[in-house]
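Enquirer: Data: entry_7.cif, mmCIF, C-alpha atoms.
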data_protein
#
loop_
_atom_site.group_PDB
_atom_site.id
_atom_site.type_symbol
_atom_site.label_atom_id
_atom_site.label_comp_id
_atom_site.auth_asym_id
_atom_site.auth_seq_id
_atom_site.Cartn_x
_atom_site.Cartn_y
_atom_site.Cartn_z
ATOM 1 C CA MET A 1 129.902 79.010 -27.985
ATOM 2 C CA THR A 2 128.993 76.324 -25.486
ATOM 3 C CA ALA A 3 125.887 74.222 -25.737
ATOM 4 C CA SER A 4 123.638 73.878 -22.739
ATOM 5 C CA THR A 5 123.438 70.426 -21.205
ATOM 6 C CA PRO A 6 120.428 68.767 -19.530
ATOM 7 C CA ALA A 7 122.320 68.818 -16.222
ATOM 8 C CA ALA A 8 122.784 72.556 -16.460
ATOM 9 C CA ALA A 9 119.134 73.047 -17.349
ATOM 10 C CA ALA A 10 118.060 71.028 -14.338
ATOM 11 C CA GLN A 11 119.972 73.162 -11.866
ATOM 12 C CA THR A 12 118.123 75.441 -9.466
ATOM 13 C CA ASP A 13 117.315 78.879 -10.818
ATOM 14 C CA VAL A 14 119.820 81.454 -9.567
ATOM 15 C CA ALA A 15 120.131 85.208 -9.745
ATOM 16 C CA ILE A 16 123.499 86.826 -10.482
ATOM 17 C CA ASN A 17 124.322 90.057 -8.654
ATOM 18 C CA PRO A 18 126.645 92.783 -10.028
ATOM 19 C CA ARG A 19 129.700 91.282 -8.268
ATOM 20 C CA GLY A 20 129.393 88.057 -10.278
ATOM 21 C CA THR A 21 128.325 85.797 -7.420
ATOM 22 C CA SER A 22 125.118 83.855 -7.589
ATOM 23 C CA ARG A 23 122.393 83.572 -5.020
ATOM 24 C CA PRO A 24 119.121 81.593 -5.086
ATOM 25 C CA LYS A 25 116.032 83.365 -6.359
ATOM 26 C CA ARG A 26 113.470 84.254 -3.744
ATOM 27 C CA ARG A 27 109.880 83.416 -4.485
ATOM 28 C CA ARG A 28 107.519 86.319 -4.303
ATOM 29 C CA LYS A 29 105.103 86.120 -1.437
ATOM 30 C CA LEU A 30 101.433 86.385 -2.246
ATOM 31 C CA PRO A 31 99.698 89.458 -0.846
ATOM 32 C CA PRO A 32 97.367 88.826 2.110
ATOM 33 C CA SER A 33 94.291 89.455 -0.042
ATOM 34 C CA ALA A 34 95.322 86.712 -2.488
ATOM 35 C CA VAL A 35 95.977 84.272 0.356
ATOM 36 C CA LEU A 36 92.596 85.012 1.895
ATOM 37 C CA GLY A 37 90.923 84.569 -1.475
ATOM 38 C CA LYS A 38 92.573 81.193 -1.945
ATOM 39 C CA VAL A 39 91.566 80.051 1.533
ATOM 40 C CA ALA A 40 87.993 81.205 0.949
ATOM 41 C CA LEU A 41 87.866 79.314 -2.342
ATOM 42 C CA TYR A 42 89.050 76.081 -0.702
ATOM 43 C CA VAL A 43 86.523 76.522 2.106
ATOM 44 C CA VAL A 44 83.672 76.955 -0.371
ATOM 45 C CA LEU A 45 84.780 73.935 -2.406
ATOM 46 C CA THR A 46 85.079 71.835 0.752
ATOM 47 C CA VAL A 47 81.550 72.790 1.844
ATOM 48 C CA ILE A 48 80.145 71.943 -1.601
ATOM 49 C CA ALA A 49 81.954 68.583 -1.567
ATOM 50 C CA LEU A 50 80.544 67.785 1.875
ATOM 51 C CA VAL A 51 77.023 68.668 0.741
ATOM 52 C CA TYR A 52 77.336 66.218 -2.153
ATOM 53 C CA LEU A 53 78.980 63.492 -0.065
ATOM 54 C CA LEU A 54 76.605 63.685 2.911
ATOM 55 C CA PRO A 55 73.754 61.688 1.310
ATOM 56 C CA PHE A 56 76.205 58.965 0.268
ATOM 57 C CA PHE A 57 77.648 58.883 3.801
ATOM 58 C CA VAL A 58 74.118 58.596 5.253
ATOM 59 C CA ASP A 59 73.407 55.775 2.801
ATOM 60 C CA ILE A 60 76.469 53.771 3.864
ATOM 61 C CA VAL A 61 76.011 54.339 7.593
ATOM 62 C CA ASN A 62 72.302 53.457 7.665
ATOM 63 C CA SER A 63 72.846 50.278 5.659
ATOM 64 C CA PHE A 64 74.771 48.910 8.681
ATOM 65 C CA LYS A 65 72.021 49.766 11.181
ATOM 66 C CA THR A 66 69.023 47.925 12.466
ATOM 67 C CA ASP A 67 65.600 48.948 11.189
ATOM 68 C CA GLU A 68 64.731 50.699 14.460
ATOM 69 C CA ASP A 69 68.055 52.499 14.750
ATOM 70 C CA ALA A 70 67.830 53.792 11.170
ATOM 71 C CA SER A 71 64.346 55.173 11.850
ATOM 72 C CA LEU A 72 65.191 56.894 15.134
ATOM 73 C CA ASN A 73 68.727 58.140 14.390
ATOM 74 C CA PRO A 74 69.225 58.420 10.617
ATOM 75 C CA LEU A 75 72.065 60.971 10.847
ATOM 76 C CA SER A 76 74.122 59.321 13.576
ATOM 77 C CA LEU A 77 76.572 56.432 13.578
ATOM 78 C CA PRO A 78 75.066 52.993 14.244
ATOM 79 C CA ALA A 79 74.514 52.115 17.880
ATOM 80 C CA THR A 80 75.335 48.545 16.869
ATOM 81 C CA TRP A 81 77.026 47.758 13.556
ATOM 82 C CA THR A 82 75.260 44.920 11.760
ATOM 83 C CA THR A 83 75.275 43.402 8.289
ATOM 84 C CA ALA A 84 71.745 42.048 8.596
ATOM 85 C CA ALA A 85 70.531 44.188 5.688
ATOM 86 C CA PHE A 86 73.165 42.756 3.338
ATOM 87 C CA THR A 87 72.444 39.221 4.546
ATOM 88 C CA THR A 88 68.749 39.699 3.815
ATOM 89 C CA LEU A 89 69.509 41.061 0.366
ATOM 90 C CA PHE A 90 71.805 38.249 -0.757
ATOM 91 C CA ASP A 91 70.274 35.301 1.108
ATOM 92 C CA ASN A 92 66.559 36.042 1.404
ATOM 93 C CA SER A 93 65.760 37.911 -1.800
ATOM 94 C CA ASP A 94 66.330 37.811 -5.551
ATOM 95 C CA PHE A 95 69.027 40.470 -5.311
ATOM 96 C CA PRO A 96 71.774 38.208 -6.815
ATOM 97 C CA THR A 97 69.519 37.606 -9.850
ATOM 98 C CA TRP A 98 68.919 41.344 -10.204
ATOM 99 C CA LEU A 99 72.660 41.949 -9.995
ATOM 100 C CA LYS A 100 73.406 39.298 -12.639
ATOM 101 C CA ASN A 101 70.812 40.699 -15.053
ATOM 102 C CA SER A 102 72.125 44.238 -14.659
ATOM 103 C CA PHE A 103 75.682 43.121 -15.386
ATOM 104 C CA ILE A 104 74.586 41.194 -18.496
ATOM 105 C CA VAL A 105 72.593 44.097 -19.890
ATOM 106 C CA ALA A 106 75.199 46.744 -19.037
ATOM 107 C CA PHE A 107 78.021 44.673 -20.560
ATOM 108 C CA PHE A 108 76.371 44.084 -23.933
ATOM 109 C CA VAL A 109 74.871 47.574 -24.151
ATOM 110 C CA THR A 110 78.268 49.139 -23.454
ATOM 111 C CA LEU A 111 79.995 47.018 -26.121
ATOM 112 C CA GLY A 112 77.233 47.706 -28.608
ATOM 113 C CA ARG A 113 77.277 51.443 -28.090
ATOM 114 C CA ILE A 114 81.050 51.649 -28.400
ATOM 115 C CA PHE A 115 80.919 49.821 -31.736
ATOM 116 C CA PHE A 116 77.767 51.244 -33.335
ATOM 117 C CA ASP A 117 78.168 54.813 -32.051
ATOM 118 C CA SER A 118 81.725 54.832 -33.383
ATOM 119 C CA LEU A 119 80.637 53.494 -36.786
ATOM 120 C CA ALA A 120 77.812 56.011 -37.101
ATOM 121 C CA GLY A 121 80.003 58.865 -35.895
ATOM 122 C CA TYR A 122 82.750 57.989 -38.378
ATOM 123 C CA ALA A 123 80.275 57.740 -41.248
ATOM 124 C CA LEU A 124 78.814 61.170 -40.463
ATOM 125 C CA ALA A 125 82.267 62.711 -40.036
ATOM 126 C CA ARG A 126 84.122 61.231 -43.020
ATOM 127 C CA LEU A 127 81.821 59.637 -45.607
ATOM 128 C CA ARG A 128 80.175 61.831 -48.217
ATOM 129 C CA PHE A 129 76.649 60.682 -49.068
ATOM 130 C CA ARG A 130 73.391 62.324 -49.991
ATOM 131 C CA GLY A 131 71.280 63.276 -46.986
ATOM 132 C CA ARG A 132 74.132 63.251 -44.502
ATOM 133 C CA GLY A 133 73.045 66.600 -43.065
ATOM 134 C CA VAL A 134 69.475 65.361 -42.689
ATOM 135 C CA VAL A 135 70.655 62.249 -40.854
ATOM 136 C CA PHE A 136 72.784 64.292 -38.475
ATOM 137 C CA GLY A 137 69.890 66.692 -37.903
ATOM 138 C CA ALA A 138 67.687 63.722 -37.023
ATOM 139 C CA VAL A 139 70.299 62.497 -34.534
ATOM 140 C CA VAL A 140 70.348 65.917 -32.863
ATOM 141 C CA ALA A 141 66.536 66.018 -32.862
ATOM 142 C CA VAL A 142 66.337 62.631 -31.120
ATOM 143 C CA MET A 143 68.520 64.022 -28.323
ATOM 144 C CA ALA A 144 65.843 66.649 -27.653
ATOM 145 C CA VAL A 145 62.985 64.132 -27.362
ATOM 146 C CA PRO A 146 62.142 63.101 -23.752
ATOM 147 C CA SER A 147 62.673 59.373 -23.299
ATOM 148 C CA VAL A 148 59.261 58.933 -21.667
ATOM 149 C CA VAL A 149 57.604 59.907 -24.981
ATOM 150 C CA LEU A 150 59.179 56.865 -26.643
ATOM 151 C CA LEU A 151 58.022 54.287 -24.081
ATOM 152 C CA ILE A 152 54.809 53.247 -25.864
ATOM 153 C CA PRO A 153 56.428 53.104 -29.340
ATOM 154 C CA LYS A 154 59.258 51.023 -27.854
ATOM 155 C CA PHE A 155 56.806 48.578 -26.321
ATOM 156 C CA LEU A 156 54.842 48.246 -29.577
ATOM 157 C CA VAL A 157 57.983 47.618 -31.644
ATOM 158 C CA ILE A 158 59.460 45.148 -29.142
ATOM 159 C CA ASN A 159 56.185 43.259 -28.933
ATOM 160 C CA GLN A 160 55.760 43.222 -32.729
ATOM 161 C CA LEU A 161 59.267 41.811 -33.203
ATOM 162 C CA GLY A 162 58.526 39.015 -30.754
ATOM 163 C CA ILE A 163 61.384 39.845 -28.381
ATOM 164 C CA TYR A 164 59.268 41.034 -25.443
ATOM 165 C CA ASP A 165 60.298 39.602 -22.079
ATOM 166 C CA SER A 166 63.757 38.561 -23.231
ATOM 167 C CA TYR A 167 67.326 39.783 -22.999
ATOM 168 C CA ALA A 168 67.119 40.790 -26.653
ATOM 169 C CA GLY A 169 64.189 43.091 -25.956
ATOM 170 C CA MET A 170 66.047 44.667 -23.049
ATOM 171 C CA ILE A 171 69.367 45.137 -24.863
ATOM 172 C CA ILE A 172 68.737 45.819 -28.568
ATOM 173 C CA PRO A 173 66.832 49.134 -28.165
ATOM 174 C CA LEU A 174 69.735 50.476 -26.090
ATOM 175 C CA LEU A 175 72.580 49.506 -28.438
ATOM 176 C CA VAL A 176 72.760 52.965 -30.054
ATOM 177 C CA ASP A 177 72.183 56.374 -28.523
ATOM 178 C CA ALA A 178 72.115 59.770 -30.211
ATOM 179 C CA ALA A 179 74.412 61.416 -27.673
ATOM 180 C CA GLY A 180 77.120 58.821 -28.305
ATOM 181 C CA VAL A 181 76.927 59.305 -32.074
ATOM 182 C CA PHE A 182 77.155 63.069 -31.597
ATOM 183 C CA ILE A 183 80.246 62.756 -29.382
ATOM 184 C CA MET A 184 82.043 60.375 -31.725
ATOM 185 C CA LYS A 185 81.265 62.462 -34.833
ATOM 186 C CA ASN A 186 82.674 65.610 -33.277
ATOM 187 C CA PHE A 187 85.817 63.815 -32.119
ATOM 188 C CA PHE A 188 86.457 62.163 -35.495
ATOM 189 C CA GLU A 189 86.176 65.552 -37.175
ATOM 190 C CA SER A 190 88.998 66.834 -34.944
ATOM 191 C CA ILE A 191 91.395 64.162 -36.293
ATOM 192 C CA PRO A 192 93.341 65.351 -39.367
ATOM 193 C CA VAL A 193 92.327 63.696 -42.614
ATOM 194 C CA SER A 194 96.019 63.294 -43.512
ATOM 195 C CA VAL A 195 96.255 60.536 -40.901
ATOM 196 C CA GLU A 196 94.038 58.338 -43.076
ATOM 197 C CA GLU A 197 95.665 59.162 -46.406
ATOM 198 C CA GLN A 198 98.692 56.918 -45.837
ATOM 199 C CA ALA A 199 96.414 53.979 -44.989
ATOM 200 C CA ARG A 200 94.448 54.510 -48.198
ATOM 201 C CA ILE A 201 97.682 54.685 -50.192
ATOM 202 C CA ASP A 202 98.625 51.298 -48.713
ATOM 203 C CA GLY A 203 95.323 49.889 -49.925
ATOM 204 C CA ALA A 204 93.298 49.894 -46.706
ATOM 205 C CA GLY A 205 89.539 50.079 -47.153
ATOM 206 C CA THR A 206 87.149 52.353 -45.286
ATOM 207 C CA PHE A 207 86.432 49.948 -42.446
ATOM 208 C CA ARG A 208 90.085 48.948 -42.067
ATOM 209 C CA THR A 209 91.088 52.608 -41.906
ATOM 210 C CA PHE A 210 88.395 53.260 -39.311
ATOM 211 C CA TRP A 211 89.202 50.194 -37.191
ATOM 212 C CA SER A 212 93.003 50.220 -37.295
ATOM 213 C CA ILE A 213 93.890 53.903 -37.673
ATOM 214 C CA VAL A 214 91.158 56.281 -36.554
ATOM 215 C CA LEU A 215 89.422 54.397 -33.739
ATOM 216 C CA PRO A 216 92.612 53.886 -31.659
ATOM 217 C CA MET A 217 93.230 57.640 -31.898
ATOM 218 C CA ALA A 218 89.716 58.292 -30.587
ATOM 219 C CA ARG A 219 90.444 56.680 -27.239
ATOM 220 C CA PRO A 220 89.291 59.705 -25.174
ATOM 221 C CA ALA A 221 85.894 59.669 -26.893
ATOM 222 C CA VAL A 222 85.659 55.869 -26.625
ATOM 223 C CA VAL A 223 86.367 56.016 -22.897
ATOM 224 C CA THR A 224 83.735 58.718 -22.501
ATOM 225 C CA ILE A 225 81.189 56.574 -24.352
ATOM 226 C CA THR A 226 82.153 53.593 -22.189
ATOM 227 C CA ILE A 227 81.511 55.457 -18.955
ATOM 228 C CA LEU A 228 78.243 57.023 -20.130
ATOM 229 C CA SER A 229 76.976 53.755 -21.638
ATOM 230 C CA PHE A 230 77.725 51.640 -18.602
ATOM 231 C CA GLN A 231 76.256 54.190 -16.216
ATOM 232 C CA GLY A 232 73.181 54.769 -18.381
ATOM 233 C CA SER A 233 72.368 51.094 -18.927
ATOM 234 C CA TRP A 234 73.130 50.207 -15.301
ATOM 235 C CA ASN A 235 70.703 52.869 -14.029
ATOM 236 C CA GLU A 236 68.087 52.389 -16.771
ATOM 237 C CA LEU A 237 64.549 51.739 -15.540
ATOM 238 C CA SER A 238 61.895 52.788 -18.064
ATOM 239 C CA GLN A 239 63.266 50.572 -20.866
ATOM 240 C CA PHE A 240 63.178 47.491 -18.636
ATOM 241 C CA ILE A 241 59.635 48.243 -17.491
ATOM 242 C CA VAL A 242 58.271 48.144 -21.057
ATOM 243 C CA SER A 243 60.480 45.305 -22.315
ATOM 244 C CA SER A 244 60.139 42.606 -19.632
ATOM 245 C CA SER A 245 57.831 41.336 -16.929
ATOM 246 C CA SER A 246 59.351 38.031 -15.760
ATOM 247 C CA PRO A 247 60.934 38.015 -12.274
ATOM 248 C CA GLU A 248 63.887 36.136 -13.793
ATOM 249 C CA LEU A 249 64.698 39.206 -15.944
ATOM 250 C CA THR A 250 64.357 41.810 -13.213
ATOM 251 C CA THR A 251 67.295 44.214 -13.035
ATOM 252 C CA LEU A 252 68.621 46.096 -10.039
ATOM 253 C CA THR A 253 66.680 49.246 -10.816
ATOM 254 C CA LYS A 254 63.364 47.403 -11.042
ATOM 255 C CA GLY A 255 64.116 45.242 -8.024
ATOM 256 C CA VAL A 256 65.243 48.071 -5.775
ATOM 257 C CA ALA A 257 62.218 50.126 -6.848
ATOM 258 C CA GLY A 258 60.074 47.185 -5.735
ATOM 259 C CA LEU A 259 61.641 47.276 -2.286
ATOM 260 C CA ALA A 260 59.824 50.554 -1.652
ATOM 261 C CA SER A 261 56.553 48.593 -1.531
ATOM 262 C CA GLY A 262 57.788 46.567 1.444
ATOM 263 C CA GLN A 263 57.951 43.221 -0.322
ATOM 264 C CA LEU A 264 60.648 41.659 1.889
ATOM 265 C CA SER A 265 59.393 42.275 5.420
ATOM 266 C CA ALA A 266 57.420 44.612 7.644
ATOM 267 C CA GLY A 267 58.718 48.005 8.730
ATOM 268 C CA ASN A 268 60.244 50.817 6.759
ATOM 269 C CA GLN A 269 63.200 48.657 5.578
ATOM 270 C CA PHE A 270 65.532 51.654 5.431
ATOM 271 C CA PRO A 271 68.709 49.571 5.946
ATOM 272 C CA ILE A 272 67.725 47.078 3.221
ATOM 273 C CA LYS A 273 66.882 49.785 0.686
ATOM 274 C CA LEU A 274 70.026 51.762 1.439
ATOM 275 C CA ALA A 275 72.193 48.633 1.370
ATOM 276 C CA ALA A 276 70.821 47.841 -2.089
ATOM 277 C CA ALA A 277 71.497 51.412 -3.221
ATOM 278 C CA PHE A 278 75.042 51.205 -1.833
ATOM 279 C CA VAL A 279 75.783 47.969 -3.708
ATOM 280 C CA MET A 280 74.336 49.461 -6.902
ATOM 281 C CA THR A 281 76.713 52.423 -6.635
ATOM 282 C CA ILE A 282 79.917 50.376 -6.354
ATOM 283 C CA PRO A 283 80.258 49.122 -9.989
ATOM 284 C CA VAL A 284 79.513 52.570 -11.441
ATOM 285 C CA ALA A 285 82.031 54.233 -9.121
ATOM 286 C CA ILE A 286 84.710 51.646 -9.963
ATOM 287 C CA ALA A 287 84.128 52.039 -13.710
ATOM 288 C CA PHE A 288 84.336 55.818 -13.465
ATOM 289 C CA PHE A 289 87.559 55.945 -11.468
ATOM 290 C CA VAL A 290 89.267 53.242 -13.549
ATOM 291 C CA PHE A 291 88.453 54.838 -16.900
ATOM 292 C CA GLN A 292 89.013 58.367 -15.616
ATOM 293 C CA ARG A 293 92.716 57.553 -15.388
ATOM 294 C CA ARG A 294 92.600 56.418 -19.006
ATOM 295 C CA ILE A 295 91.049 59.731 -20.019
ATOM 296 C CA MET A 296 93.814 61.659 -18.268
ATOM 297 C CA ASN A 297 96.494 59.625 -20.084
ATOM 298 C CA SER A 298 94.816 59.437 -23.473
ATOM 299 C CA SER A 299 96.598 62.279 -25.290
ATOM 300 C CA ASP A 300 99.359 59.995 -26.633
ATOM 301 C CA GLY A 301 99.567 59.814 -30.381
ATOM 302 C CA ALA A 302 97.926 63.169 -31.042
ATOM 303 C CA VAL A 303 98.676 64.585 -34.472
ATOM 304 C CA LYS A 304 99.011 68.276 -35.231
ATOM 305 C CA GLU A 305 98.931 69.888 -38.617
#
Do you think you could lay out the structure here as structure tokens?
Expert:
Amino acid sequence: MTASTPAAAAQTDVAINPRGTSRPKRRRKLPPSAVLGKVALYVVLTVIALVYLLPFFVDIVNSFKTDEDASLNPLSLPATWTTAAFTTLFDNSDFPTWLKNSFIVAFFVTLGRIFFDSLAGYALARLRFRGRGVVFGAVVAVMAVPSVVLLIPKFLVINQLGIYDSYAGMIIPLLVDAAGVFIMKNFFESIPVSVEEQARIDGAGTFRTFWSIVLPMARPAVVTITILSFQGSWNELSQFIVSSSSPELTTLTKGVAGLASGQLSAGNQFPIKLAAAFVMTIPVAIAFFVFQRRIMNSSDGAVKE
């Protein structure tokens, strides 16, 4: 009895006829109806993709136009390509300050949510304590509450704590979110408990087990929280309205919203507004595409029971 070798397994599939000779297998051709269905599906998907990409294309194109050209021909290519809108943003406005503030807030909020959402999710998934079901029910209930309802309570609490109009007032209320806790809890529950038993036998405590064993295995959920946290804090507006008023603490969302009032110059300012929107989109798009690759490659180390 001969054992099969990797080289033999890698050979092209062949079919053996009754005479003992081999000939390559022929792939079955799809029927015309299946081919037409596939083509129709790709056409529909292409149309949907174009519908979603068209506004972004209009945004980019009009940001390189003059004010007059953007008003008269918003759907055409620029008659004259110009970077005047970007020059106005970075040289004649507070846009660099807005950009800096948004990066500071998004960075610390993202780190905070990764840490605190993971801790809360692990506690709800693994620790046994009285009232755990009530706490989880409260987390789910908070997810159903519209954020606008919480604006006045947020302002009152921030003002009472004396952190109004500061980075602390902008960041601390965003450090934990119910959706992140929910995601982490569900992912931790999918990890076998036996993974943690060996660490406990070796004398590791609860936090050490969480930090060194379980959290590295939760990389897909952590990456998901990272993307959602960065995107959410980067695009946040209502929280910054009720937590700050100084121009030095203005973020991109507040600053770009102010451009709609025509604060930089006369005219409709379409190129300036769209240039600001285009710059705002770049960090979020980069973060998504970079971490998306991590999500696709994050199944290493999975344990099955």
Enquirer: Nearest residue to Pro153 in chain A out of A:Val242, A:Ala218, A:Ile104, A:Ile225, using all atoms listed in the file?
Expert: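 Answer, going by the shortest atom-to-atom distance: A:Val242.
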Enquirer: Using the chain letters and numbers from the file, which residues does the PyMOL selection byres ((chain A and resi 172) around 10) grab, as a list in words?
Expert: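 Answer for the PyMOL selection byres ((chain A and resi 172) around 10): Val105, Phe108, Val109, Gly112, Ile158, Ile163, Tyr167, Ala168, Gly169, Met170, Ile171, Pro173, Leu174, Leu175 and Val176 of chain A.
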Enquirer: Between A:Gly137, A:Ser238, A:Ser102, A:Gly203, which residue has the minimum interatomic distance to Val149 in chain A, considering only C-alpha atoms?
Expert: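 Looking at the shortest contact to Val149 in chain A, the residue is A:Ser238.
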Enquirer: Looking at A:Tyr122, A:Tyr164, A:Trp234, A:Trp81, which one is nearest to Ile282 in chain A, with distances taken over all atoms listed in the file?
Expert: A:Trp234
Enquirer: Using the file's own x, y and z axes, what box holds all listed atoms of range 194-213 of chain A with 5 Å on each side, keeping edges along x, y and z, and what are its centre and edge lengths in Å to one decimal, as lines of an AutoDock Vina configuration file?
Expert:
center_x = 92.6
center_y = 56.1
center_z = -43.7
size_x = 22.3
size_y = 24.3
size_z = 23.0
Enquirer: Determine the residue membership of the PyMOL selection byres ((chain A and resi 251) around 7) for the file above and supply it as a list in words.
Expert: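 Checked against the file, the PyMOL selection byres ((chain A and resi 251) around 7) matches Trp98, Leu99, Asn101, Ser102, Leu249, Thr250, Leu252, Thr253, Lys254 and Gly255 of chain A.
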Enquirer: Show which residues sit within 9 Å of Ala84 in chain A, as a list in words. Count all atoms listed in the file, and ignore same-chain residues fewer than 6 positions away.
Expert: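 Using all atoms listed in the file, the neighbours found are Ser63, Phe64, Lys65, Thr66, Pro271 and Ile272 of chain A.
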Enquirer: Considering all atoms listed in the file, can you say which of A:Met143, A:Ala179, A:Leu151, A:Val135 comes closest to Arg113 in chain A?
Expert: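 Smallest distance to Arg113 in chain A is found for A:Ala179.
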Enquirer: Between A:Thr83, A:Ser243, A:Glu196, A:Gly133, which residue has the minimum interatomic distance to Val157 in chain A, considering only C-alpha atoms?
Expert: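 Going through A:Thr83, A:Ser243, A:Glu196, A:Gly133 one by one, the smallest distance to Val157 in chain A is for A:Ser243.
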Enquirer: Which value, in Å to one decimal, gives the distance between CA of Val214 in chain A and CA of Leu111 in chain A?
Expert: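 Result for CA of Val214 in chain A versus CA of Leu111 in chain A: 17.9 Å, one decimal.
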Enquirer: For CA of Leu161 in chain A and CA of Asp177 in chain A, quote the distance in Å rounded to one decimal.
Expert: 20.0 Å
Enquirer: Given all atoms listed in the file as the basis, pick out the residue of A:Ala125, A:Ser229, A:Val51, A:Thr82 nearest to Ser190 in chain A.
Expert: A:Ala125
Enquirer: Quick one: everything within 10 Å of Phe270 in chain A, counting all atoms listed in the file, minus sequence neighbours fewer than 2 positions away in the same chain. Send it as a compact mmCIF listing (two decimals) with C-alpha atoms, in the frame of the given file.
Expert:
# COMPACT_ATOMS: atom_id res chain seq x y z
CA ASP A 59 73.41 55.78 2.80
CA ASN A 62 72.30 53.46 7.66
CA SER A 63 72.85 50.28 5.66
CA LYS A 65 72.02 49.77 11.18
CA THR A 66 69.02 47.92 12.47
CA ASP A 67 65.60 48.95 11.19
CA GLU A 68 64.73 50.70 14.46
CA ASP A 69 68.06 52.50 14.75
CA ALA A 70 67.83 53.79 11.17
CA SER A 71 64.35 55.17 11.85
CA PRO A 74 69.22 58.42 10.62
CA ALA A 85 70.53 44.19 5.69
CA LEU A 259 61.64 47.28 -2.29
CA ALA A 260 59.82 50.55 -1.65
CA GLY A 267 58.72 48.00 8.73
CA ASN A 268 60.24 50.82 6.76
CA ILE A 272 67.72 47.08 3.22
CA LYS A 273 66.88 49.78 0.69
CA LEU A 274 70.03 51.76 1.44
CA ALA A 275 72.19 48.63 1.37
CA ALA A 276 70.82 47.84 -2.09
Enquirer: I'd like the interatomic distance between CA of Arg200 in chain A and CA of Gly131 in chain A, to a tenth of an Å.
Expert: 24.8 Å
Enquirer: What does the PyMOL selection byres ((chain A and resi 230) around 8) select in this file, as a list of chain:residue names?
Expert: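 Selected by the PyMOL selection byres ((chain A and resi 230) around 8) here: A:Ala106, A:Phe107, A:Val109, A:Thr110, A:Thr226, A:Ile227, A:Leu228, A:Ser229, A:Gln231, A:Gly232, A:Ser233, A:Trp234, A:Val284.
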Enquirer: Which polymer residues, protein or nucleic acid, are no farther than 12 Å from (93.5, 63.3, -41.2), counting all atoms listed in the file, as an MDAnalysis selection string?
Expert: chainID A and resid 125:126 187:200 209:210 213:214 217 302:305
Enquirer: Applying 9 Å and all atoms listed in the file, which residues near Ala120 in chain A remain after dropping the ones on its own chain fewer than 2 positions away? List them as number ranges by chain.
Expert: A: 115-118, 122-125, 181-182, 184-185
Enquirer: I'd like the contact shell of Pro283 in chain A - 10 Å cut-off, all atoms listed in the file, skipping same-chain residues fewer than 3 positions apart - returned as JSON, numbers by chain.
Expert: {"A": [103, 230, 231, 234, 278, 279, 280, 286, 287, 288]}
Enquirer: As an mmCIF file, keeping the file's coordinate frame, could you write out range 131-140 of chain A once it has been completed with N, CA, C and O atoms?
Expert:
data_model
loop_
_atom_site.group_PDB
_atom_site.id
_atom_site.type_symbol
_atom_site.label_atom_id
_atom_site.label_comp_id
_atom_site.auth_asym_id
_atom_site.auth_seq_id
_atom_site.Cartn_x
_atom_site.Cartn_y
_atom_site.Cartn_z
ATOM 1 N N GLY A 131 72.133 63.289 -48.167
ATOM 2 C CA GLY A 131 71.280 63.276 -46.986
ATOM 3 C C GLY A 131 72.033 63.188 -45.678
ATOM 4 O O GLY A 131 71.428 62.960 -44.631
ATOM 5 N N ARG A 132 73.352 63.351 -45.741
ATOM 6 C CA ARG A 132 74.132 63.251 -44.502
ATOM 7 C C ARG A 132 73.713 64.316 -43.493
ATOM 8 O O ARG A 132 73.588 64.040 -42.295
ATOM 9 N N GLY A 133 73.474 65.535 -43.967
ATOM 10 C CA GLY A 133 73.045 66.600 -43.065
ATOM 11 C C GLY A 133 71.693 66.315 -42.438
ATOM 12 O O GLY A 133 71.467 66.625 -41.259
ATOM 13 N N VAL A 134 70.798 65.702 -43.220
ATOM 14 C CA VAL A 134 69.475 65.361 -42.689
ATOM 15 C C VAL A 134 69.593 64.301 -41.605
ATOM 16 O O VAL A 134 68.922 64.362 -40.568
ATOM 17 N N VAL A 135 70.458 63.314 -41.848
ATOM 18 C CA VAL A 135 70.655 62.249 -40.854
ATOM 19 C C VAL A 135 71.214 62.825 -39.559
ATOM 20 O O VAL A 135 70.740 62.493 -38.460
ATOM 21 N N PHE A 136 72.210 63.699 -39.685
ATOM 22 C CA PHE A 136 72.784 64.292 -38.475
ATOM 23 C C PHE A 136 71.761 65.176 -37.767
ATOM 24 O O PHE A 136 71.706 65.198 -36.535
ATOM 25 N N GLY A 137 70.949 65.896 -38.523
ATOM 26 C CA GLY A 137 69.890 66.692 -37.903
ATOM 27 C C GLY A 137 68.896 65.824 -37.153
ATOM 28 O O GLY A 137 68.404 66.202 -36.076
ATOM 29 N N ALA A 138 68.592 64.644 -37.707
ATOM 30 C CA ALA A 138 67.687 63.722 -37.023
ATOM 31 C C ALA A 138 68.299 63.206 -35.734
ATOM 32 O O ALA A 138 67.603 63.040 -34.718
ATOM 33 N N VAL A 139 69.614 62.949 -35.748
ATOM 34 C CA VAL A 139 70.299 62.497 -34.534
ATOM 35 C C VAL A 139 70.211 63.565 -33.446
ATOM 36 O O VAL A 139 69.907 63.274 -32.278
ATOM 37 N N VAL A 140 70.446 64.823 -33.833
ATOM 38 C CA VAL A 140 70.348 65.917 -32.863
ATOM 39 C C VAL A 140 68.915 66.072 -32.365
ATOM 40 O O VAL A 140 68.671 66.329 -31.174
#
